[in-house]
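File shown: target_28.cif (mmCIF, C-alpha atoms and all ligand atoms).
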data_work
loop_
_atom_site.label_atom_id
_atom_site.label_comp_id
_atom_site.auth_asym_id
_atom_site.auth_seq_id
_atom_site.Cartn_x
_atom_site.Cartn_y
_atom_site.Cartn_z
CA MET P 1 0.00 0.00 0.00
CA SER P 2 1.49 3.39 -0.86
CA HIS P 3 0.22 6.94 -0.71
CA SER P 4 1.32 9.85 -2.84
CA SER P 5 0.40 12.24 -0.08
CA VAL P 6 1.75 12.12 3.43
CA LEU P 7 -0.59 11.27 6.31
CA ILE P 8 -0.46 13.23 9.55
CA ALA P 9 -1.14 11.36 12.80
CA PRO P 10 -1.36 13.65 15.84
CA SER P 11 -0.48 11.86 19.07
CA ILE P 12 -3.11 12.33 21.75
CA LEU P 13 -0.40 11.71 24.34
CA SER P 14 -0.11 15.49 24.12
CA ALA P 15 -3.86 16.11 24.41
CA ASP P 16 -5.52 17.33 27.61
CA MET P 17 -7.18 14.17 28.93
CA ALA P 18 -9.65 16.24 30.94
CA TYR P 19 -10.90 17.70 27.65
CA LEU P 20 -10.29 14.82 25.26
CA ALA P 21 -13.44 15.31 23.15
CA ARG P 22 -12.61 19.00 22.73
CA ASP P 23 -9.01 18.18 21.76
CA LEU P 24 -10.17 15.55 19.25
CA GLU P 25 -12.33 18.23 17.64
CA ARG P 26 -9.26 20.51 17.48
CA ILE P 27 -7.47 17.91 15.33
CA HIS P 28 -10.39 17.26 12.95
CA THR P 29 -8.07 17.70 9.92
CA ALA P 30 -5.96 14.67 10.93
CA ASP P 31 -5.62 11.57 8.73
CA LEU P 32 -5.10 9.26 11.71
CA ILE P 33 -5.28 9.56 15.49
CA HIS P 34 -2.08 8.21 17.01
CA PHE P 35 -2.91 6.41 20.27
CA ASP P 36 0.14 5.78 22.47
CA THR P 37 -0.66 3.01 24.90
CA MET P 38 2.03 2.34 27.55
CA ASP P 39 2.03 -0.21 30.35
CA GLY P 40 4.51 1.24 32.85
CA HIS P 41 6.82 -1.72 32.17
CA PHE P 42 8.00 -1.54 28.56
CA THR P 43 8.21 2.21 29.12
CA LYS P 44 8.68 4.20 32.33
CA ASN P 45 5.29 5.77 31.79
CA LEU P 46 1.71 4.57 31.85
CA THR P 47 -0.96 6.12 29.66
CA PHE P 48 -4.36 4.89 28.50
CA GLY P 49 -5.93 1.60 27.49
CA PRO P 50 -8.84 0.05 25.58
CA ASP P 51 -11.59 1.91 27.44
CA VAL P 52 -10.12 5.25 26.42
CA LEU P 53 -9.89 3.92 22.84
CA ARG P 54 -13.63 3.11 23.02
CA ALA P 55 -14.27 6.66 24.19
CA VAL P 56 -12.25 8.08 21.28
CA LYS P 57 -14.17 5.91 18.80
CA ARG P 58 -17.48 7.20 20.20
CA VAL P 59 -16.68 10.82 19.35
CA SER P 60 -14.39 10.64 16.30
CA ASP P 61 -14.61 9.05 12.84
CA ILE P 62 -10.90 9.41 12.15
CA PRO P 63 -9.12 6.02 11.98
CA VAL P 64 -7.09 5.24 15.10
CA ASP P 65 -3.48 4.11 14.90
CA VAL P 66 -2.63 2.24 18.13
CA HIS P 67 1.07 2.25 19.03
CA MET P 68 1.52 -0.45 21.66
CA MET P 69 4.40 0.29 24.02
CA VAL P 70 3.77 -2.74 26.23
CA SER P 71 5.78 -5.79 27.30
CA ASP P 72 3.20 -8.34 26.17
CA PRO P 73 1.72 -7.16 22.86
CA ASP P 74 1.04 -10.76 21.77
CA THR P 75 -1.64 -10.96 24.47
CA MET P 76 -2.82 -7.36 24.66
CA ALA P 77 -3.22 -6.53 20.95
CA ASP P 78 -6.60 -8.25 20.84
CA TRP P 79 -7.93 -5.90 23.51
CA TYR P 80 -7.40 -3.00 21.11
CA VAL P 81 -8.97 -4.79 18.15
CA ASP P 82 -12.03 -5.35 20.34
CA ALA P 83 -12.04 -1.66 21.28
CA GLY P 84 -12.08 -0.53 17.62
CA ALA P 85 -8.45 0.01 16.53
CA ASP P 86 -7.95 0.53 12.80
CA ILE P 87 -4.17 0.11 12.77
CA ILE P 88 -2.07 -1.65 15.41
CA THR P 89 1.71 -1.53 15.62
CA ILE P 90 3.69 -3.69 18.05
CA HIS P 91 7.33 -3.40 19.07
CA LEU P 92 9.73 -5.97 17.64
CA GLU P 93 11.66 -5.73 20.92
CA ALA P 94 8.61 -6.87 22.92
CA SER P 95 6.92 -9.48 20.75
CA VAL P 96 7.93 -13.11 21.23
CA HIS P 97 5.70 -14.43 18.42
CA LEU P 98 5.83 -11.59 15.92
CA ASN P 99 4.76 -13.53 12.84
CA ARG P 100 1.85 -15.15 14.64
CA THR P 101 0.58 -11.90 16.15
CA ILE P 102 0.83 -9.98 12.84
CA GLN P 103 -1.03 -12.72 10.95
CA HIS P 104 -3.64 -12.87 13.70
CA LEU P 105 -4.22 -9.11 13.65
CA LYS P 106 -4.63 -9.11 9.87
CA LYS P 107 -7.12 -11.95 10.08
CA ARG P 108 -9.06 -9.89 12.59
CA GLY P 109 -9.33 -7.11 10.01
CA VAL P 110 -6.96 -4.43 11.27
CA ARG P 111 -3.91 -3.11 9.51
CA ALA P 112 -0.89 -4.51 11.33
CA GLY P 113 2.67 -3.35 11.67
CA VAL P 114 5.94 -3.47 13.57
CA VAL P 115 7.71 -0.70 15.51
CA LEU P 116 11.48 -0.43 15.88
CA ASN P 117 13.21 1.45 18.71
CA PRO P 118 15.99 3.85 17.68
CA ALA P 119 18.81 1.28 18.19
CA THR P 120 17.02 -1.66 16.55
CA PRO P 121 18.34 -2.24 13.02
CA VAL P 122 16.00 -2.26 10.04
CA LEU P 123 17.55 -5.50 8.78
CA LEU P 124 15.72 -7.38 11.56
CA LEU P 125 12.58 -6.88 9.45
CA GLU P 126 13.99 -9.01 6.61
CA ASP P 127 11.78 -12.03 7.34
CA ILE P 128 8.58 -10.17 8.22
CA ILE P 129 8.53 -7.19 5.84
CA GLU P 130 6.31 -8.87 3.24
CA ASP P 131 3.58 -9.36 5.87
CA LEU P 132 3.41 -5.79 7.12
CA ASP P 133 0.88 -3.09 6.29
CA ILE P 134 2.96 -0.50 8.12
CA VAL P 135 6.39 -0.06 9.70
CA LEU P 136 6.89 2.50 12.47
CA LEU P 137 10.37 3.82 13.11
CA MET P 138 10.85 5.49 16.49
CA SER P 139 12.80 8.74 16.18
CA VAL P 140 12.92 9.11 19.99
CA ASN P 141 13.16 6.52 22.75
CA PRO P 142 9.57 5.65 23.61
CA GLY P 143 7.94 6.90 26.78
CA PHE P 144 7.32 10.61 26.54
CA GLY P 145 6.28 13.37 24.18
CA GLY P 146 8.36 16.48 23.59
CA GLN P 147 11.75 14.80 23.01
CA SER P 148 14.24 15.70 20.25
CA PHE P 149 14.31 13.91 16.90
CA ILE P 150 17.25 11.46 16.60
CA PRO P 151 18.95 12.35 13.27
CA ASN P 152 20.09 8.76 12.55
CA THR P 153 16.42 8.00 11.82
CA LEU P 154 16.82 9.54 8.36
CA SER P 155 19.27 6.85 7.26
CA LYS P 156 17.05 4.18 8.83
CA ILE P 157 14.13 5.39 6.70
CA ARG P 158 16.32 5.05 3.61
CA SER P 159 17.44 1.54 4.63
CA LEU P 160 13.82 0.57 5.17
CA LYS P 161 12.91 1.88 1.71
CA SER P 162 15.69 -0.25 0.19
CA LEU P 163 14.49 -3.31 2.07
CA CYS P 164 10.94 -2.71 0.81
CA GLN P 165 12.16 -2.26 -2.75
CA ALA P 166 14.19 -5.48 -2.57
CA HIS P 167 11.02 -7.33 -1.52
CA ASN P 168 8.78 -5.40 -3.90
CA VAL P 169 6.43 -4.27 -1.15
CA ALA P 170 5.30 -0.81 -0.08
CA PRO P 171 4.05 -0.73 3.51
CA LEU P 172 3.26 2.65 5.02
CA ILE P 173 6.42 4.09 6.58
CA GLU P 174 5.61 5.94 9.79
CA VAL P 175 8.01 7.99 11.92
CA ASP P 176 7.30 8.95 15.53
CA GLY P 177 8.99 11.41 17.84
CA GLY P 178 10.23 14.98 17.65
CA ILE P 179 8.53 15.81 14.36
CA SER P 180 7.52 19.41 13.65
CA ALA P 181 7.35 21.85 10.74
CA ALA P 182 11.12 22.25 11.15
CA ASN P 183 11.92 18.68 10.03
CA ALA P 184 8.74 17.28 8.38
CA GLU P 185 10.20 17.86 4.92
CA GLU P 186 13.45 15.97 5.48
CA VAL P 187 11.63 13.07 7.12
CA ALA P 188 9.24 12.79 4.15
CA ARG P 189 12.04 13.30 1.63
CA ALA P 190 13.82 10.30 3.16
CA GLY P 191 10.70 8.23 2.41
CA ALA P 192 8.29 8.43 5.35
CA ASN P 193 4.61 8.83 4.48
CA VAL P 194 3.00 8.84 7.93
CA LEU P 195 4.24 11.53 10.32
CA VAL P 196 3.31 11.39 14.00
CA ALA P 197 3.35 14.73 15.81
CA GLY P 198 2.32 15.25 19.41
CA SER P 199 3.69 18.39 20.99
CA ALA P 200 4.08 20.22 17.64
CA VAL P 201 0.35 19.87 16.96
CA PHE P 202 -1.09 20.35 20.44
CA SER P 203 1.19 23.25 21.41
CA SER P 204 -0.04 25.16 18.36
CA SER P 205 -2.74 27.79 18.85
CA ASP P 206 -4.51 26.24 15.84
CA PRO P 207 -3.84 22.46 15.83
CA ALA P 208 -6.08 21.82 12.79
CA ALA P 209 -4.13 24.34 10.72
CA GLU P 210 -0.80 22.98 11.97
CA ILE P 211 -1.81 19.52 10.71
CA VAL P 212 -2.62 20.96 7.27
CA ARG P 213 0.75 22.74 7.22
CA LEU P 214 2.64 19.55 8.17
CA ARG P 215 0.76 17.60 5.48
CA GLU P 216 1.60 20.19 2.82
CA LEU P 217 5.28 20.29 3.79
CA GLY P 218 5.52 16.51 3.96
CA SER P 219 3.58 15.79 0.79
CA ARG P 220 5.68 18.20 -1.28
CA ALA P 221 8.88 16.58 -0.08
CA TYR P 222 7.79 12.93 -0.05
CA GLN P 223 9.83 10.53 -2.11
CA GLY P 224 8.14 7.19 -1.83
CA VAL P 225 9.09 3.69 -2.83
CA CYS P 226 6.96 3.96 -5.95
CA ALA P 227 7.76 7.61 -6.75
C1 LIG G 301 6.64 8.53 22.42
C2 LIG G 301 5.35 8.41 21.65
C3 LIG G 301 5.13 9.47 20.63
C4 LIG G 301 4.99 10.86 21.19
C5 LIG G 301 5.39 11.84 20.13
O1 LIG G 301 6.81 7.39 23.21
O2 LIG G 301 5.30 7.17 20.97
O3 LIG G 301 4.01 9.17 19.81
O4 LIG G 301 3.70 11.16 21.62
O5 LIG G 301 5.37 13.11 20.69
P1 LIG G 301 6.23 14.30 20.10
O6 LIG G 301 5.71 14.58 18.72
O7 LIG G 301 5.97 15.40 21.08
O8 LIG G 301 7.67 13.86 20.09
ZN ZN G 302 3.76 6.77 19.34
#

Give the structure from this file in structure tokens form.
Ligand code: DX5
Ligand code: ZN
Amino acid sequence: MSHSSVLIAPSILSADMAYLARDLERIHTADLIHFDTMDGHFTKNLTFGPDVLRAVKRVSDIPVDVHMMVSDPDTMADWYVDAGADIITIHLEASVHLNRTIQHLKKRGVRAGVVLNPATPVLLLEDIIEDLDIVLLMSVNPGFGGQSFIPNTLSKIRSLKSLCQAHNVAPLIEVDGGISAANAEEVARAGANVLVAGSAVFSSSDPAAEIVRLRELGSRAYQGVCA
């Protein structure tokens, strides 16, 4: 699956949980809602779970992209399918039965993908890449919003593109962490077509307009696998 335009996925980790419905309305121009679930074990932070996902699905029609930062995604992924996830990504570092869980998620009708931490090499995807709808490259160490983009991610995006080309597949390539209008173009130029942005979107006085701006910057610069 490839897109000629870049998708913007605001992370509601940066939303005000006391006013979640209001903040979801503020990001009505988004292509995806990025839902960072953390279990306090895989990451030193604990966020929200399936009940909050159900609440999001009640008030928004935008597809939800669940990023599972948990130690046991093989068990917990189903909870998020049941709660209405549209896309689920699980960390390679946490999954014991990656092939089985990816196949299972696809059979259940969600788009499934793998996430790599900053120090995890792209080549570890060699034997799973053909099964993935999406690959998420972390450009910060997972756990918190508002961290700085790790520049080495740009060469990882290019390596991932080469791997995809070698296998003749075109999963979505998503990048997460430290993305703003200052670097959206270079991230898309390297080959990413889904950009997650938490603090950059929610710290803006007009989050909906900031999303449009990020999408324009990214889409102009995007150089995809099939470009
Ligand atoms: C980090 C999360 C990110 C985070 C991004 O663990 O996975 O999705 O919310 O936030 P920013 O855009 O502020 O780096
Ligand atoms: Zn995330």

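Nearest-residue note for ligand LIG 301 (chain G): choosing from P:Ala190, P:Ala221, P:Ala85, P:Val201, the minimum distance belongs to P:Val201, counting all atoms listed in the file.
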
- prompt: So which one's closest to ligand LIG 301 (chain G), P:Pro171, P:Gly84, P:Pro73, P:Gly146? Using all atoms listed in the file, please.
  reply: P:Gly146

Spatial neighbours of Ile129 (chain P), max dist 10 Å, only C-alpha atoms, sep filter under 4 positions, as a PDB file with C-alpha atoms, in the coordinates of the input:
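Saved result, part_38.pdb, follows:
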ATOM      1  CA  GLY P 113       2.670  -3.350  11.670  1.00  0.00           C
ATOM      2  CA  VAL P 114       5.940  -3.470  13.570  1.00  0.00           C
ATOM      3  CA  VAL P 122      16.000  -2.260  10.040  1.00  0.00           C
ATOM      4  CA  LEU P 123      17.550  -5.500   8.780  1.00  0.00           C
ATOM      5  CA  LEU P 124      15.720  -7.380  11.560  1.00  0.00           C
ATOM      6  CA  LEU P 125      12.580  -6.880   9.450  1.00  0.00           C
ATOM      7  CA  ASP P 133       0.880  -3.090   6.290  1.00  0.00           C
ATOM      8  CA  ILE P 134       2.960  -0.500   8.120  1.00  0.00           C
ATOM      9  CA  VAL P 135       6.390  -0.060   9.700  1.00  0.00           C
ATOM     10  CA  LEU P 160      13.820   0.570   5.170  1.00  0.00           C
ATOM     11  CA  LEU P 163      14.490  -3.310   2.070  1.00  0.00           C
ATOM     12  CA  CYS P 164      10.940  -2.710   0.810  1.00  0.00           C
ATOM     13  CA  HIS P 167      11.020  -7.330  -1.520  1.00  0.00           C
ATOM     14  CA  ASN P 168       8.780  -5.400  -3.900  1.00  0.00           C
ATOM     15  CA  VAL P 169       6.430  -4.270  -1.150  1.00  0.00           C
ATOM     16  CA  ALA P 170       5.300  -0.810  -0.080  1.00  0.00           C
ATOM     17  CA  PRO P 171       4.050  -0.730   3.510  1.00  0.00           C
TER      18      PRO P 171
END

Could you list, as an mmCIF file with C-alpha atoms, in the frame of the given file, all the residues within 9 Å of ligand ZN 302 (chain G), counting all atoms listed in the file?
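Result went into result.cif, see below:
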data_model
loop_
_atom_site.group_PDB
_atom_site.id
_atom_site.type_symbol
_atom_site.label_atom_id
_atom_site.label_comp_id
_atom_site.auth_asym_id
_atom_site.auth_seq_id
_atom_site.Cartn_x
_atom_site.Cartn_y
_atom_site.Cartn_z
ATOM 1 C CA SER P 11 -0.480 11.860 19.070
ATOM 2 C CA LEU P 13 -0.400 11.710 24.340
ATOM 3 C CA HIS P 34 -2.080 8.210 17.010
ATOM 4 C CA PHE P 35 -2.910 6.410 20.270
ATOM 5 C CA ASP P 36 0.140 5.780 22.470
ATOM 6 C CA THR P 37 -0.660 3.010 24.900
ATOM 7 C CA ASP P 65 -3.480 4.110 14.900
ATOM 8 C CA VAL P 66 -2.630 2.240 18.130
ATOM 9 C CA HIS P 67 1.070 2.250 19.030
ATOM 10 C CA MET P 68 1.520 -0.450 21.660
ATOM 11 C CA MET P 69 4.400 0.290 24.020
ATOM 12 C CA LEU P 136 6.890 2.500 12.470
ATOM 13 C CA MET P 138 10.850 5.490 16.490
ATOM 14 C CA PRO P 142 9.570 5.650 23.610
ATOM 15 C CA GLY P 143 7.940 6.900 26.780
ATOM 16 C CA PHE P 144 7.320 10.610 26.540
ATOM 17 C CA GLY P 145 6.280 13.370 24.180
ATOM 18 C CA VAL P 175 8.010 7.990 11.920
ATOM 19 C CA ASP P 176 7.300 8.950 15.530
ATOM 20 C CA GLY P 177 8.990 11.410 17.840
ATOM 21 C CA VAL P 196 3.310 11.390 14.000
ATOM 22 C CA ALA P 197 3.350 14.730 15.810
ATOM 23 C CA GLY P 198 2.320 15.250 19.410
#

task: Could you please determine the separation between CA of Ser219 (chain P) and CA of Leu154 (chain P) in Å, to one decimal place?
output: 16.5 Å

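Taking CA of Lys106 (chain P) as the reference point, CA of Asp82 (chain P) is found at 13.4 Å.
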
Test item: axis-aligned box, all listed atoms of ligand LIG 301 (chain G), 4 Å on each side, centre and edges in Å rounded to one decimal, as AutoDock Vina command-line options:
--center_x 5.7 --center_y 11.3 --center_z 21.0 --size_x 12.0 --size_y 16.2 --size_z 12.5

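Of the listed residues P:Ile62, P:Ala184, P:Val56, P:Ala209, the one whose atoms come nearest to ligand LIG 301 (chain G) is P:Ala184, with distances taken using only C-alpha atoms and all ligand atoms.
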
- request: Within 12 Å of Leu172 (chain P), counting only C-alpha atoms, which residues show up once you throw out same-chain ones fewer than 4 positions away? Write them as a PyMOL selection string, please.
  value: chain P and resi 1-7+87+89+111-115+129+132-137+157+160-161+164+188+191-195+224-226

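Every protein, DNA or RNA residue with an atom at most 9 Å from Thr120 (chain P), where only C-alpha atoms count and chain neighbours fewer than 4 positions away do not, is listed here: Leu92, Glu93, Leu116 and Leu124 of chain P.
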
- request: Grab the CA of Ser199 (chain P) to atom O8 of ligand LIG 301 (chain G) distance for me, in Å with one decimal place.
  value: 6.1 Å

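Between ligand LIG 301 (chain G) and the residues P:Arg189, P:Arg215, P:His91, P:Arg58, the shortest atom-to-atom distance, using all atoms listed in the file, involves P:His91.
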
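Comparing P:Leu217, P:Leu24, P:Val70, P:Ala166 by their smallest distance to ligand LIG 301 (chain G), the closest is P:Val70 (using only C-alpha atoms and all ligand atoms).
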
query: Taking into account all atoms listed in the file, which residue in the set P:Gly178, P:Pro207, P:Gly218, P:Pro50 is nearest to ligand LIG 301 (chain G)?
result: P:Gly178

Would you mind putting N, CA and C atoms back on region 170-197 of chain P and writing the result as a CSV table (one decimal), keeping the file's coordinate frame?
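Result saved to selection.csv:
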chain,number,residue,atom,x,y,z
P,170,ALA,N,5.3,-2.2,-0.4
P,170,ALA,CA,5.3,-0.8,-0.1
P,170,ALA,C,4.4,-0.6,1.1
P,171,PRO,N,4.8,-1.0,2.3
P,171,PRO,CA,4.0,-0.7,3.5
P,171,PRO,C,4.1,0.8,3.8
P,172,LEU,N,3.1,1.3,4.5
P,172,LEU,CA,3.3,2.6,5.0
P,172,LEU,C,4.5,2.7,5.9
P,173,ILE,N,5.2,3.9,5.8
P,173,ILE,CA,6.4,4.1,6.6
P,173,ILE,C,6.1,5.3,7.5
P,174,GLU,N,6.0,5.0,8.8
P,174,GLU,CA,5.6,5.9,9.8
P,174,GLU,C,6.8,6.3,10.7
P,175,VAL,N,6.9,7.5,11.0
P,175,VAL,CA,8.0,8.0,11.9
P,175,VAL,C,7.4,8.7,13.1
P,176,ASP,N,7.9,8.5,14.3
P,176,ASP,CA,7.3,9.0,15.5
P,176,ASP,C,8.3,9.5,16.5
P,177,GLY,N,8.2,10.8,16.8
P,177,GLY,CA,9.0,11.4,17.8
P,177,GLY,C,9.8,12.6,17.4
P,178,GLY,N,9.5,13.8,18.0
P,178,GLY,CA,10.2,15.0,17.6
P,178,GLY,C,10.0,15.6,16.3
P,179,ILE,N,8.8,15.3,15.7
P,179,ILE,CA,8.5,15.8,14.4
P,179,ILE,C,7.8,17.1,14.5
P,180,SER,N,8.2,18.1,13.7
P,180,SER,CA,7.5,19.4,13.6
P,180,SER,C,7.7,20.0,12.2
P,181,ALA,N,7.2,21.2,12.1
P,181,ALA,CA,7.4,21.8,10.7
P,181,ALA,C,8.8,22.0,10.4
P,182,ALA,N,9.7,22.0,11.4
P,182,ALA,CA,11.1,22.2,11.2
P,182,ALA,C,11.8,21.1,10.5
P,183,ASN,N,11.3,19.8,10.6
P,183,ASN,CA,11.9,18.7,10.0
P,183,ASN,C,11.0,17.8,9.2
P,184,ALA,N,9.7,18.1,9.1
P,184,ALA,CA,8.7,17.3,8.4
P,184,ALA,C,9.2,17.0,7.0
P,185,GLU,N,9.8,18.0,6.3
P,185,GLU,CA,10.2,17.9,4.9
P,185,GLU,C,11.3,16.8,4.8
P,186,GLU,N,12.3,16.9,5.7
P,186,GLU,CA,13.4,16.0,5.5
P,186,GLU,C,13.0,14.5,5.8
P,187,VAL,N,12.1,14.4,6.8
P,187,VAL,CA,11.6,13.1,7.1
P,187,VAL,C,10.8,12.5,5.9
P,188,ALA,N,10.0,13.3,5.3
P,188,ALA,CA,9.2,12.8,4.2
P,188,ALA,C,10.1,12.6,2.9
P,189,ARG,N,11.1,13.4,2.8
P,189,ARG,CA,12.0,13.3,1.6
P,189,ARG,C,12.8,12.0,1.7
P,190,ALA,N,13.1,11.6,3.0
P,190,ALA,CA,13.8,10.3,3.2
P,190,ALA,C,12.9,9.1,2.8
P,191,GLY,N,11.6,9.3,2.8
P,191,GLY,CA,10.7,8.2,2.4
P,191,GLY,C,9.6,7.9,3.4
P,192,ALA,N,9.4,8.7,4.4
P,192,ALA,CA,8.3,8.4,5.4
P,192,ALA,C,7.0,9.0,4.8
P,193,ASN,N,5.9,8.3,4.9
P,193,ASN,CA,4.6,8.8,4.5
P,193,ASN,C,3.5,8.9,5.6
P,194,VAL,N,3.9,8.6,6.8
P,194,VAL,CA,3.0,8.8,7.9
P,194,VAL,C,3.8,9.5,9.0
P,195,LEU,N,3.5,10.8,9.3
P,195,LEU,CA,4.2,11.5,10.3
P,195,LEU,C,3.4,11.7,11.6
P,196,VAL,N,4.0,11.2,12.7
P,196,VAL,CA,3.3,11.4,14.0
P,196,VAL,C,3.8,12.7,14.6
P,197,ALA,N,2.9,13.5,15.2
P,197,ALA,CA,3.4,14.7,15.8
P,197,ALA,C,2.5,15.0,17.0
